[in-house]
$ cat my_file23.txt   # compact mmCIF, C-alpha atoms
# COMPACT_ATOMS: atom_id res chain seq x y z
CA MET A 1 1.39 21.90 -6.01
CA ARG A 2 -0.15 19.90 -3.16
CA ARG A 3 1.41 17.38 -0.84
CA GLY A 4 -0.36 14.41 0.78
CA ASP A 5 -2.01 15.40 4.05
CA GLY A 6 -1.01 13.46 7.13
CA LEU A 7 0.93 10.33 7.91
CA GLY A 8 -1.89 8.07 6.78
CA GLN A 9 -1.68 9.59 3.32
CA ILE A 10 2.03 8.84 3.20
CA VAL A 11 1.53 5.29 4.40
CA GLY A 12 -1.10 4.74 1.74
CA TYR A 13 1.06 5.94 -1.08
CA TRP A 14 4.12 3.90 -0.25
CA THR A 15 1.93 0.90 0.39
CA VAL A 16 5.22 -0.65 0.28
CA LEU A 17 5.25 -3.61 -0.25
CA ALA A 18 4.18 -3.30 -3.77
CA PHE A 19 6.51 -6.27 -3.68
CA TRP A 20 7.88 -6.81 -7.11
CA ILE A 21 9.97 -9.56 -5.61
CA VAL A 22 7.02 -11.60 -4.39
CA CYS A 23 4.04 -10.91 -6.55
CA GLY A 24 3.31 -10.34 -10.19
CA LEU A 25 1.15 -13.23 -11.22
CA ALA A 26 0.23 -11.36 -14.37
CA ILE A 27 2.19 -13.04 -17.13
CA PRO A 28 0.93 -11.45 -20.32
CA ALA A 29 2.57 -14.02 -22.59
CA LEU A 30 -0.26 -16.46 -21.97
CA ALA A 31 -2.49 -14.15 -23.96
CA ALA A 32 -0.40 -15.04 -27.00
CA ASP A 33 -1.25 -18.71 -26.46
CA ALA A 34 -4.92 -17.79 -26.26
CA THR A 35 -4.83 -15.92 -29.54
CA ARG A 36 -3.54 -19.00 -31.35
CA ASP A 37 -6.89 -20.60 -30.53
CA ASN A 38 -9.79 -18.42 -31.61
CA SER A 39 -11.92 -19.51 -28.68
CA PRO A 40 -13.57 -16.36 -27.29
CA ALA A 41 -13.81 -17.95 -23.84
CA ARG A 42 -10.05 -18.28 -23.54
CA ILE A 43 -9.44 -14.71 -24.62
CA ASP A 44 -12.11 -13.42 -22.24
CA LEU A 45 -10.72 -15.34 -19.26
CA GLN A 46 -7.25 -14.00 -19.91
CA ALA A 47 -8.58 -10.45 -20.22
CA LEU A 48 -10.45 -10.81 -16.93
CA TYR A 49 -7.35 -12.09 -15.23
CA ASP A 50 -5.12 -9.36 -16.66
CA SER A 51 -7.55 -6.71 -15.37
CA ARG A 52 -7.71 -8.46 -11.97
CA ASP A 53 -11.46 -8.81 -12.25
CA PHE A 54 -11.46 -11.94 -10.13
CA PHE A 55 -15.18 -11.49 -9.47
CA SER A 56 -16.11 -11.93 -13.14
CA LEU A 57 -13.42 -14.57 -13.60
CA ARG A 58 -14.96 -16.60 -10.76
CA GLU A 59 -18.38 -16.30 -12.39
CA GLU A 60 -17.10 -17.34 -15.81
CA LEU A 61 -15.20 -20.34 -14.46
CA ALA A 62 -18.38 -21.51 -12.74
CA LYS A 63 -20.05 -21.62 -16.17
CA SER A 64 -17.23 -23.61 -17.78
CA PRO A 65 -17.64 -27.32 -18.45
CA GLY A 66 -15.64 -29.59 -16.18
CA GLY A 67 -13.36 -32.53 -16.77
CA GLU A 68 -11.31 -33.01 -19.92
CA GLN A 69 -13.18 -30.30 -21.81
CA GLN A 70 -11.27 -27.63 -19.94
CA PRO A 71 -8.24 -26.15 -21.71
CA PRO A 72 -4.96 -26.43 -19.77
CA GLU A 73 -4.81 -22.78 -18.71
CA HIS A 74 -8.07 -23.23 -16.79
CA HIS A 75 -6.01 -24.96 -14.11
CA PHE A 76 -4.13 -21.74 -13.53
CA PHE A 77 -7.20 -19.53 -13.62
CA ALA A 78 -8.99 -21.81 -11.14
CA ALA A 79 -6.01 -21.83 -8.78
CA ALA A 80 -5.62 -18.05 -9.12
CA VAL A 81 -9.29 -17.50 -8.23
CA GLN A 82 -8.95 -19.65 -5.12
CA LEU A 83 -5.94 -17.60 -4.06
CA ALA A 84 -7.75 -14.33 -4.83
CA PHE A 85 -10.60 -15.30 -2.50
CA ASN A 86 -8.18 -16.26 0.26
CA GLU A 87 -8.16 -20.02 -0.13
CA PRO A 88 -4.42 -20.61 -0.57
CA ALA A 89 -4.57 -24.26 0.50
CA ALA A 90 -7.20 -25.00 -2.18
CA SER A 91 -5.08 -23.06 -4.68
CA ILE A 92 -2.07 -25.24 -3.87
CA ARG A 93 -4.10 -28.43 -4.30
CA ILE A 94 -5.27 -27.35 -7.76
CA ALA A 95 -1.77 -26.31 -8.82
CA GLU A 96 -0.04 -29.45 -7.54
CA SER A 97 -2.66 -31.70 -9.14
CA ALA A 98 -2.33 -29.90 -12.48
CA LEU A 99 1.47 -30.09 -12.40
CA GLU A 100 1.24 -33.88 -12.21
CA GLU A 101 -0.04 -33.84 -15.79
CA SER A 102 2.68 -34.43 -18.36
CA ASP A 103 1.16 -32.49 -21.24
CA LEU A 104 0.84 -29.02 -19.71
CA PRO A 105 2.04 -26.20 -21.94
CA PRO A 106 5.35 -24.85 -20.56
CA LEU A 107 3.94 -21.39 -19.84
CA VAL A 108 0.97 -22.78 -17.90
CA SER A 109 3.38 -24.93 -15.91
CA LEU A 110 5.50 -21.88 -15.12
CA ARG A 111 2.51 -19.91 -13.92
CA LEU A 112 1.36 -22.74 -11.68
CA ARG A 113 4.84 -23.10 -10.17
CA HIS A 114 4.95 -19.36 -9.58
CA LEU A 115 1.58 -19.53 -7.87
CA LEU A 116 2.88 -22.24 -5.52
CA VAL A 117 5.57 -19.85 -4.30
CA ILE A 118 3.01 -17.15 -3.54
CA ALA A 119 0.37 -19.44 -1.99
CA ASN A 120 2.88 -21.07 0.36
CA LEU A 121 4.14 -17.65 1.35
CA ARG A 122 0.52 -16.61 2.04
CA LEU A 123 0.29 -19.54 4.46
CA HIS A 124 3.57 -18.46 6.12
CA ARG A 125 5.14 -21.73 4.96
CA TYR A 126 8.49 -20.15 4.18
CA ASN A 127 10.51 -23.32 3.67
CA GLU A 128 7.84 -24.76 1.34
CA ALA A 129 7.80 -21.48 -0.58
CA LEU A 130 11.59 -21.68 -0.86
CA SER A 131 11.35 -25.24 -2.19
CA ALA A 132 8.73 -24.14 -4.75
CA ALA A 133 10.96 -21.25 -5.82
CA ARG A 134 13.96 -23.53 -6.24
CA SER A 135 11.85 -26.02 -8.18
CA LEU A 136 10.70 -23.29 -10.54
CA LEU A 137 14.23 -22.05 -11.09
CA ALA A 138 15.46 -25.59 -11.78
CA SER A 139 12.71 -26.21 -14.34
CA PRO A 140 13.22 -25.54 -18.07
CA THR A 141 9.86 -23.73 -18.00
CA ARG A 142 11.57 -20.75 -16.32
CA ARG A 143 12.78 -19.70 -19.78
CA GLU A 144 9.18 -19.12 -20.86
CA ASP A 145 9.20 -15.74 -19.13
CA PRO A 146 12.52 -14.18 -18.03
CA ALA A 147 10.63 -11.62 -15.90
CA VAL A 148 9.11 -14.37 -13.78
CA GLU A 149 12.48 -16.06 -13.39
CA GLN A 150 14.03 -12.77 -12.28
CA GLU A 151 11.16 -12.10 -9.92
CA VAL A 152 11.38 -15.50 -8.25
CA ARG A 153 15.13 -15.13 -7.89
CA GLY A 154 14.34 -11.88 -6.10
CA THR A 155 12.28 -13.77 -3.50
CA LEU A 156 15.20 -16.02 -2.54
CA PRO A 157 16.85 -13.64 -0.02
CA LEU A 158 13.56 -13.28 1.85
CA LEU A 159 12.81 -17.00 1.82
CA GLU A 160 16.36 -17.97 2.75
CA ALA A 161 16.20 -15.61 5.73
CA LEU A 162 12.89 -17.12 6.90
CA LYS A 163 13.29 -20.79 5.96
CA ASP A 164 13.62 -21.94 9.59
CA VAL A 165 10.79 -19.71 10.89
CA PRO A 166 7.60 -21.57 11.89
CA PRO A 167 4.35 -20.33 10.38
CA GLN A 168 2.64 -17.37 12.00
CA GLU A 169 -0.02 -18.44 14.50
CA ALA A 170 -2.92 -16.45 15.91
CA ARG A 171 -5.28 -17.33 18.76
CA ILE A 172 -8.38 -15.21 19.38
CA GLY A 173 -9.39 -15.46 23.04
CA ARG A 174 -12.32 -13.07 23.39
CA SER A 175 -13.74 -10.20 21.38
CA SER A 176 -11.65 -7.02 21.42
CA ARG A 177 -12.50 -3.32 21.32
CA LEU A 178 -9.54 -1.01 20.73
CA ALA A 179 -9.49 2.79 20.78
CA LEU A 180 -7.31 3.95 17.88
CA GLY A 181 -7.57 7.69 18.46
CA ALA A 182 -7.16 10.36 15.82
CA SER A 183 -3.83 8.88 14.70
CA ARG A 184 -5.57 5.56 13.97
CA ARG A 185 -2.65 3.68 15.45
CA VAL A 186 -3.26 0.23 16.86
CA PRO A 187 -2.17 -0.45 20.45
CA LEU A 188 -0.21 -3.70 20.68
CA LYS A 189 2.40 -5.55 22.69
CA ILE A 190 5.55 -7.13 21.34
CA GLY A 191 6.86 -9.31 24.12
CA ASP A 192 6.25 -7.19 27.21
CA GLU A 193 6.68 -3.85 25.43
CA LYS A 194 3.69 -1.69 24.50
CA ARG A 195 3.64 0.16 21.20
CA GLN A 196 1.22 1.88 18.83
CA PHE A 197 1.70 1.05 15.16
CA SER A 198 -0.12 2.23 12.05
CA LEU A 199 -2.36 -0.28 10.29
CA ASP A 200 -2.39 -0.87 6.55
CA THR A 201 -4.20 -3.80 4.96
CA GLY A 202 -2.38 -3.01 1.70
CA ALA A 203 1.07 -3.77 3.15
CA ASN A 204 2.36 -7.23 2.23
CA PHE A 205 4.30 -7.52 5.47
CA SER A 206 4.42 -5.71 8.77
CA VAL A 207 7.19 -3.11 8.95
CA ILE A 208 9.45 -1.80 11.69
CA MET A 209 12.24 0.74 12.04
CA ALA A 210 15.69 -0.66 12.69
CA SER A 211 15.96 1.31 15.95
CA GLU A 212 12.56 -0.01 17.09
CA ALA A 213 13.55 -3.59 16.34
CA LYS A 214 16.66 -3.10 18.47
CA ALA A 215 14.71 -1.47 21.31
CA LEU A 216 12.27 -4.38 21.33
CA GLY A 217 15.07 -6.92 21.47
CA LEU A 218 14.23 -8.45 18.09
CA THR A 219 16.99 -10.27 16.25
CA VAL A 220 17.47 -8.72 12.82
CA ARG A 221 18.24 -11.27 10.13
CA PRO A 222 20.33 -9.81 7.30
CA ALA A 223 18.47 -10.38 4.06
CA ASP A 224 18.96 -7.45 1.66
CA VAL A 225 15.43 -7.95 0.37
CA GLU A 226 14.87 -5.62 -2.56
CA VAL A 227 11.57 -3.78 -2.25
CA ALA A 228 9.99 -1.68 -4.97
CA THR A 229 8.60 1.65 -3.78
CA SER A 230 5.65 3.60 -5.14
CA THR A 231 8.08 5.99 -6.83
CA GLY A 232 9.66 3.27 -8.92
CA GLY A 233 12.84 3.06 -6.86
CA ARG A 234 14.37 0.16 -4.96
CA VAL A 235 15.29 -0.03 -1.28
CA LEU A 236 16.78 -2.85 0.77
CA ALA A 237 15.26 -4.35 3.90
CA ASP A 238 16.21 -6.99 6.42
CA VAL A 239 13.77 -9.12 8.41
CA ALA A 240 12.97 -9.76 12.05
CA VAL A 241 10.58 -12.17 13.72
CA ALA A 242 8.59 -11.30 16.84
CA PRO A 243 8.18 -14.54 18.83
CA GLN A 244 5.15 -13.11 20.63
CA MET A 245 2.82 -10.23 19.86
CA SER A 246 -0.71 -9.34 20.95
CA ILE A 247 -3.38 -6.97 19.67
CA GLY A 248 -6.34 -6.79 22.01
CA LYS A 249 -7.32 -10.40 22.78
CA VAL A 250 -5.51 -11.79 19.74
CA ASP A 251 -2.22 -13.49 20.58
CA TYR A 252 0.32 -14.05 17.81
CA ARG A 253 3.46 -16.07 17.43
CA ASN A 254 6.19 -15.79 14.80
CA VAL A 255 5.22 -12.44 13.29
CA VAL A 256 7.52 -11.39 10.45
CA PHE A 257 8.58 -7.74 10.09
CA LEU A 258 10.52 -6.10 7.31
CA VAL A 259 13.20 -3.95 8.92
CA PHE A 260 14.05 -0.65 7.23
CA PRO A 261 16.75 1.87 8.14
CA ASP A 262 15.27 4.70 10.21
CA GLU A 263 15.91 7.31 7.55
CA LEU A 264 13.67 5.48 5.07
CA LEU A 265 10.73 5.68 7.49
CA THR A 266 11.29 9.35 8.38
CA PHE A 267 9.40 11.96 6.39
CA PRO A 268 9.36 15.76 6.00
CA GLY A 269 8.55 17.52 9.25
CA GLY A 270 10.10 14.76 11.32
CA ARG A 271 7.15 12.37 11.04
CA THR A 272 8.09 8.73 11.35
CA ILE A 273 6.61 5.31 10.90
CA GLN A 274 8.02 3.38 13.84
CA GLY A 275 6.04 0.34 12.89
CA LEU A 276 3.22 -0.77 10.65
CA VAL A 277 0.82 -3.70 11.01
CA GLY A 278 0.43 -5.34 7.62
CA PHE A 279 -1.90 -7.78 5.93
CA PRO A 280 -0.69 -11.10 7.43
CA VAL A 281 -1.42 -9.87 10.96
CA VAL A 282 -4.77 -8.26 10.09
CA GLU A 283 -5.96 -11.22 8.01
CA ALA A 284 -5.41 -13.56 10.96
CA MET A 285 -8.02 -11.59 12.94
CA GLY A 286 -10.68 -13.04 10.65
CA GLU A 287 -12.83 -9.92 10.75
CA ILE A 288 -12.33 -6.33 11.82
CA ARG A 289 -14.97 -3.62 12.30
CA PHE A 290 -14.02 0.05 12.29
CA ARG A 291 -16.42 2.53 13.83
CA ARG A 292 -16.60 6.18 12.92
CA ASP A 293 -15.43 7.11 16.43
CA ASP A 294 -12.05 5.48 15.70
CA VAL A 295 -12.75 2.27 17.58
CA MET A 296 -11.68 -1.06 16.08
CA GLU A 297 -13.52 -4.24 17.04
CA ILE A 298 -12.32 -7.81 16.56
CA PRO A 299 -15.05 -10.44 17.14
CA SER A 300 -14.06 -13.76 18.66
CA ARG A 301 -16.50 -15.53 16.34
CA PRO A 302 -17.15 -13.59 13.13
CA PRO A 303 -20.56 -14.15 11.54
CA VAL A 304 -20.77 -15.78 8.12
CA ARG A 305 -20.65 -13.14 5.40
CA LYS A 306 -22.03 -14.26 2.02
CA LEU A 307 -21.30 -11.14 -0.04
CA GLY A 308 -18.02 -12.35 -1.55
CA ASN A 309 -17.33 -8.79 -2.71
CA LEU A 310 -13.67 -8.62 -1.64
CA ALA A 311 -10.74 -10.21 -3.48
CA LEU A 312 -6.96 -10.19 -3.21
CA ASP A 313 -4.39 -9.29 -5.83
CA ASP A 314 -1.39 -10.83 -4.12
CA LEU A 315 -2.14 -9.11 -0.78
CA ASP A 316 -3.90 -5.98 -2.06
CA PRO A 317 -7.63 -6.10 -1.16
CA LEU A 318 -9.71 -5.37 -4.25
CA VAL A 319 -13.34 -4.25 -4.47
CA ARG A 320 -15.77 -3.42 -7.23
CA VAL A 321 -16.67 0.25 -7.39
CA ARG A 322 -19.57 1.41 -9.53
CA TYR A 323 -19.18 4.70 -11.38
CA ARG A 324 -22.20 5.69 -13.46
CA ARG A 325 -23.18 2.27 -14.87
CA ASP A 326 -19.75 0.65 -14.89
CA ASP A 327 -18.20 -1.74 -12.38
CA LEU A 328 -14.52 -0.90 -11.86
CA ILE A 329 -11.81 -2.78 -9.96
CA CYS A 330 -10.15 -0.71 -7.22
CA ARG A 331 -7.85 -1.29 -4.28
CA LEU A 332 -9.21 -0.97 -0.73
CA ASP A 333 -6.53 0.87 1.22
CA THR A 334 -7.10 1.56 4.91
CA GLY A 335 -3.68 3.24 5.03
CA ALA A 336 -4.72 6.11 2.74
CA ASN A 337 -6.69 9.09 3.99
CA LYS A 338 -7.93 10.07 0.55
CA THR A 339 -9.32 8.18 -2.42
CA VAL A 340 -7.51 8.76 -5.70
CA PHE A 341 -8.34 7.64 -9.22
CA TYR A 342 -5.66 6.31 -11.54
CA GLU A 343 -4.80 6.88 -15.17
CA PRO A 344 -7.03 4.05 -16.55
CA PHE A 345 -10.01 5.89 -15.04
CA PHE A 346 -8.86 9.08 -16.73
CA GLN A 347 -8.48 7.38 -20.12
CA ARG A 348 -11.85 5.63 -19.90
CA TYR A 349 -13.78 8.82 -19.09
CA ARG A 350 -11.36 11.38 -20.46
CA GLU A 351 -13.75 13.65 -22.34
CA ARG A 352 -16.16 13.91 -19.44
CA LEU A 353 -13.44 14.41 -16.84
CA GLU A 354 -11.60 17.10 -18.78
CA SER A 355 -14.83 19.06 -19.05
CA LEU A 356 -15.32 18.94 -15.27
CA GLY A 357 -11.85 19.11 -13.73
CA ARG A 358 -8.91 21.49 -13.42
CA ASN A 359 -5.24 20.63 -13.85
CA VAL A 360 -3.17 20.18 -10.68
CA THR A 361 0.11 18.54 -9.71
CA ILE A 362 0.14 16.01 -6.88
CA THR A 363 3.24 15.16 -4.88
CA THR A 364 3.11 11.65 -3.48
CA GLY A 365 5.60 9.20 -2.10
CA GLY A 366 7.14 7.73 0.99
CA VAL A 367 9.89 5.14 1.24
CA GLY A 368 12.33 5.84 -1.58
CA GLY A 369 11.34 9.47 -2.13
CA PHE A 370 8.54 11.49 -3.71
CA GLN A 371 7.25 12.02 -7.22
CA GLU A 372 5.08 14.63 -8.88
CA ILE A 373 2.09 13.42 -10.87
CA PRO A 374 -0.12 15.51 -13.16
CA ALA A 375 -3.80 15.16 -12.30
CA LEU A 376 -7.27 16.53 -12.77
CA GLN A 377 -9.13 17.68 -9.69
CA LEU A 378 -12.89 17.24 -9.85
CA PRO A 379 -15.18 19.27 -7.59
CA ARG A 380 -17.27 16.16 -6.84
CA LEU A 381 -17.75 12.55 -7.88
CA ALA A 382 -20.47 10.03 -7.00
CA LEU A 383 -19.75 6.33 -6.69
CA THR A 384 -21.15 3.16 -5.14
CA ILE A 385 -19.17 0.60 -3.16
CA ALA A 386 -20.51 -2.51 -1.40
CA ALA A 387 -24.06 -1.35 -2.25
CA GLY A 388 -23.45 1.96 -0.45
CA GLY A 389 -23.57 5.22 -2.38
CA THR A 390 -21.38 8.19 -1.52
CA ASN A 391 -20.25 11.55 -2.87
CA LEU A 392 -16.63 12.70 -2.80
CA GLN A 393 -15.35 16.26 -3.11
CA ASN A 394 -12.09 17.61 -4.56
CA VAL A 395 -11.28 14.28 -6.18
CA ASP A 396 -7.84 13.74 -7.74
CA VAL A 397 -7.61 11.78 -11.00
CA TYR A 398 -4.06 10.98 -12.12
CA THR A 399 -3.51 11.58 -15.81
CA ARG A 400 -0.22 9.66 -15.94
CA PRO A 401 0.50 6.05 -14.92
CA ILE A 402 2.30 5.62 -11.61
CA ARG A 403 3.24 2.00 -12.32
CA THR A 404 4.65 0.11 -15.26
CA PRO A 405 2.18 -0.55 -18.09
CA GLU A 406 1.67 -4.21 -17.14
CA ASP A 407 0.73 -3.15 -13.59
CA ASN A 408 -1.50 -0.27 -14.67
CA TYR A 409 -4.86 -2.00 -14.36
CA LEU A 410 -6.59 -0.57 -11.26
CA TYR A 411 -9.04 2.30 -11.59
CA CYS A 412 -8.71 3.77 -8.12
CA ASN A 413 -7.40 3.46 -4.58
CA VAL A 414 -10.30 3.65 -2.09
CA GLY A 415 -9.25 5.41 1.10
CA LEU A 416 -10.72 6.36 4.44
CA ASP A 417 -12.66 9.33 3.07
CA VAL A 418 -15.07 6.85 1.46
CA LEU A 419 -15.18 4.44 4.38
CA HIS A 420 -15.76 7.22 6.91
CA LYS A 421 -18.94 8.24 5.10
CA PHE A 422 -20.56 5.31 6.89
CA ASN A 423 -21.15 4.65 10.59
CA ALA A 424 -18.90 1.61 10.44
CA TYR A 425 -17.25 -0.70 7.95
CA VAL A 426 -16.40 -4.37 8.28
CA ILE A 427 -13.62 -6.25 6.51
CA ASN A 428 -14.01 -10.03 6.73
CA PHE A 429 -11.06 -12.03 5.41
CA ARG A 430 -12.56 -15.45 6.09
CA ASP A 431 -15.51 -14.96 3.76
CA MET A 432 -13.89 -12.13 1.74
CA ALA A 433 -16.56 -9.51 2.37
CA LEU A 434 -16.71 -5.73 2.78
CA VAL A 435 -19.78 -4.58 4.71
CA LEU A 436 -20.77 -0.91 5.10
CA GLU A 437 -23.09 -0.03 7.96

$ encode --input "my_file23.txt" --output "structure tokens"
Amino acid sequence: MRRGDGLGQIVGYWTVLAFWIVCGLAIPALAADATRDNSPARIDLQALYDSRDFFSLREELAKSPGGEQQPPEHHFFAAAVQLAFNEPAASIRIAESALEESDLPPLVSLRLRHLLVIANLRLHRYNEALSAARSLLASPTRREDPAVEQEVRGTLPLLEALKDVPPQEARIGRSSRLALGASRRVPLKIGDEKRQFSLDTGANFSVIMASEAKALGLTVRPADVEVATSTGGRVLADVAVAPQMSIGKVDYRNVVFLVFPDELLTFPGGRTIQGLVGFPVVEAMGEIRFRRDDVMEIPSRPPVRKLGNLALDDLDPLVRVRYRRDDLICRLDTGANKTVFYEPFFQRYRERLESLGRNVTITTGGVGGFQEIPALQLPRLALTIAAGGTNLQNVDVYTRPIRTPEDNYLYCNVGLDVLHKFNAYVINFRDMALVLE
């Protein structure tokens, strides 16, 4: 039995904020609507969406005829693609325009209303997100999918706690160069206090220990937000807002933190996560460049990146990874030291993998506890990401799902072992690009 190595591994596996309360745009019931019409295009679009292949979905939508020839669900797919490529304002415009139509199927209407909650939250417009959530819950369309209704009800404590909080702001003065060190913790200031927090682009919100929030003078807002952990459990969190925070030459206002009890962020051996910088803070930087010598650079004026090879599933960055001749959808997780492959990868290549690997048991977890997962360990595996080829050694392939079946669509979680094969890697959230140098 092996346990994850290092704090970064732990952070990657609890990538918390696998927020069941906020995300979950996948509403499989629409596939039933598609099957009532034998149009292959509709079925294909739904399949692409369900697999989170936003890259292919974007390409297929570009081929679709415009105007009245589009079926109603295209409104949702178009809005979802805009959100996936980090254009939440455009996503809102599409959704609001579509909802003005009186003949939308109830399920399409529900999905669009759900998207409005998420897109407004992406823009840190908490009161607008609350209004969208209340509108959804007051609409008869909520009965089209009880899971969505339950999920949106779960967002209410968070949104109620933040409804009077202004949107997060970020001002980039000059370019920054920050030494992260071996721990890969980011130096920052909250108010006048200096800290070093872990960084995880896969975390839906920044995170802080209750004792740290108190030491920094942050006001904790009781919320009892229910958060799903990677082990399938549920933990409760409150929220706090940092009026001022800075990372390098980037100055922030109104940064939201989830506040967890200290014991939930304390791990075997006494290791702790005092704080964690999540996606909303990192995304506001526009672009970040990580060098192999553990230096992070934030340009004041990022160049235009035309690759378009990065997408978002809620707030999880997704990339295409090529294995053999197949393009697979994987999560990009800068909080994980090691790349792991999930059960869909095992099922797709089962015969080949079983002939190459040996059976092991992996212990993973974090907030909410640990779980043991059966896996195959491969001596080596070659893959290509962002046009860069690399070889991995001692690769773990989970042979059992770690999420519910409807969430079991990713093929792998790409960690730092892949990214550190290159001299530097760039993540650009303005143009949604991953560049390997």

$ closest_residue --input "my_file23.txt" --among "A:Pro140, A:Val418, A:Val81, A:Val360" --to "Leu115 in chain A" --atoms "only C-alpha atoms"
A:Val81

$ atom_distance --input "my_file23.txt" --atom1 "CA of Gln150 in chain A" --atom2 "CA of Leu112 in chain A"
16.1 Å

$ closest_residue --input "my_file23.txt" --among "A:Thr219, A:Ser183, A:Thr339, A:Ser211" --to "Leu265 in chain A" --atoms "all atoms listed in the file"
A:Ser211

$ atom_distance --input "my_file23.txt" --atom1 "CA of Phe257 in chain A" --atom2 "CA of Pro222 in chain A"
12.3 Å

$ atom_distance --input "my_file23.txt" --atom1 "CA of Glu343 in chain A" --atom2 "CA of Phe205 in chain A"
26.8 Å

$ residues_around --input "my_file23.txt" --residues "Ala170 in chain A" --least-positions-apart "4" --cutoff "10 Å" --atoms "only C-alpha atoms" --output "JSON, numbers by chain"
{"A": [244, 245, 246, 250, 251, 252, 253, 254, 255, 281, 283, 284, 285, 286]}

$ closest_residue --input "my_file23.txt" --among "A:Ala119, A:Ile362, A:Val235, A:Leu264" --to "Phe85 in chain A" --atoms "only C-alpha atoms"
A:Ala119

$ residues_around --input "my_file23.txt" --residues "Ile273 in chain A" --least-positions-apart "3" --cutoff "9 Å" --atoms "all atoms listed in the file" --output "list in words"
Leu7, Val11, Phe197, Ser198, Val207, Ile208, Met209, Asp262, Leu265, Thr266, Phe267 and Leu276 of chain A

$ build_atoms --input "my_file23.txt" --residues "range 325-342 of chain A" --atoms "N, CA and C atoms" --output "PDB file, in the coordinates of the input"
ATOM      1  N   ARG A 325     -22.626   3.622 -14.720  1.00  0.00           N
ATOM      2  CA  ARG A 325     -23.180   2.270 -14.870  1.00  0.00           C
ATOM      3  C   ARG A 325     -22.098   1.204 -14.999  1.00  0.00           C
ATOM      4  N   ASP A 326     -20.873   1.563 -14.688  1.00  0.00           N
ATOM      5  CA  ASP A 326     -19.750   0.650 -14.890  1.00  0.00           C
ATOM      6  C   ASP A 326     -19.202   0.136 -13.560  1.00  0.00           C
ATOM      7  N   ASP A 327     -18.871  -1.150 -13.531  1.00  0.00           N
ATOM      8  CA  ASP A 327     -18.200  -1.740 -12.380  1.00  0.00           C
ATOM      9  C   ASP A 327     -16.697  -1.712 -12.632  1.00  0.00           C
ATOM     10  N   LEU A 328     -15.953  -1.095 -11.719  1.00  0.00           N
ATOM     11  CA  LEU A 328     -14.520  -0.900 -11.860  1.00  0.00           C
ATOM     12  C   LEU A 328     -13.794  -1.598 -10.715  1.00  0.00           C
ATOM     13  N   ILE A 329     -12.598  -2.100 -10.985  1.00  0.00           N
ATOM     14  CA  ILE A 329     -11.810  -2.780  -9.960  1.00  0.00           C
ATOM     15  C   ILE A 329     -10.867  -1.772  -9.313  1.00  0.00           C
ATOM     16  N   CYS A 330     -10.968  -1.665  -7.980  1.00  0.00           N
ATOM     17  CA  CYS A 330     -10.150  -0.710  -7.220  1.00  0.00           C
ATOM     18  C   CYS A 330      -9.533  -1.400  -6.014  1.00  0.00           C
ATOM     19  N   ARG A 331      -8.480  -0.808  -5.499  1.00  0.00           N
ATOM     20  CA  ARG A 331      -7.850  -1.290  -4.280  1.00  0.00           C
ATOM     21  C   ARG A 331      -8.544  -0.681  -3.070  1.00  0.00           C
ATOM     22  N   LEU A 332      -8.715  -1.475  -2.013  1.00  0.00           N
ATOM     23  CA  LEU A 332      -9.210  -0.970  -0.730  1.00  0.00           C
ATOM     24  C   LEU A 332      -8.010  -0.744   0.162  1.00  0.00           C
ATOM     25  N   ASP A 333      -7.775   0.500   0.536  1.00  0.00           N
ATOM     26  CA  ASP A 333      -6.530   0.870   1.220  1.00  0.00           C
ATOM     27  C   ASP A 333      -6.832   1.627   2.500  1.00  0.00           C
ATOM     28  N   THR A 334      -6.826   0.916   3.635  1.00  0.00           N
ATOM     29  CA  THR A 334      -7.100   1.560   4.910  1.00  0.00           C
ATOM     30  C   THR A 334      -5.922   2.395   5.404  1.00  0.00           C
ATOM     31  N   GLY A 335      -4.819   2.412   4.668  1.00  0.00           N
ATOM     32  CA  GLY A 335      -3.680   3.240   5.030  1.00  0.00           C
ATOM     33  C   GLY A 335      -3.676   4.583   4.334  1.00  0.00           C
ATOM     34  N   ALA A 336      -4.656   4.843   3.470  1.00  0.00           N
ATOM     35  CA  ALA A 336      -4.720   6.110   2.740  1.00  0.00           C
ATOM     36  C   ALA A 336      -5.886   6.949   3.251  1.00  0.00           C
ATOM     37  N   ASN A 337      -5.626   8.203   3.536  1.00  0.00           N
ATOM     38  CA  ASN A 337      -6.690   9.090   3.990  1.00  0.00           C
ATOM     39  C   ASN A 337      -7.657   9.444   2.867  1.00  0.00           C
ATOM     40  N   LYS A 338      -7.120   9.533   1.649  1.00  0.00           N
ATOM     41  CA  LYS A 338      -7.930  10.070   0.550  1.00  0.00           C
ATOM     42  C   LYS A 338      -7.972   9.107  -0.626  1.00  0.00           C
ATOM     43  N   THR A 339      -9.146   8.992  -1.222  1.00  0.00           N
ATOM     44  CA  THR A 339      -9.320   8.180  -2.420  1.00  0.00           C
ATOM     45  C   THR A 339      -8.752   8.909  -3.631  1.00  0.00           C
ATOM     46  N   VAL A 340      -8.015   8.186  -4.453  1.00  0.00           N
ATOM     47  CA  VAL A 340      -7.510   8.760  -5.700  1.00  0.00           C
ATOM     48  C   VAL A 340      -7.870   7.827  -6.846  1.00  0.00           C
ATOM     49  N   PHE A 341      -8.017   8.404  -8.017  1.00  0.00           N
ATOM     50  CA  PHE A 341      -8.340   7.640  -9.220  1.00  0.00           C
ATOM     51  C   PHE A 341      -7.122   7.652 -10.136  1.00  0.00           C
ATOM     52  N   TYR A 342      -6.885   6.495 -10.759  1.00  0.00           N
ATOM     53  CA  TYR A 342      -5.660   6.310 -11.540  1.00  0.00           C
ATOM     54  C   TYR A 342      -5.890   6.585 -13.020  1.00  0.00           C
TER      55      TYR A 342
END
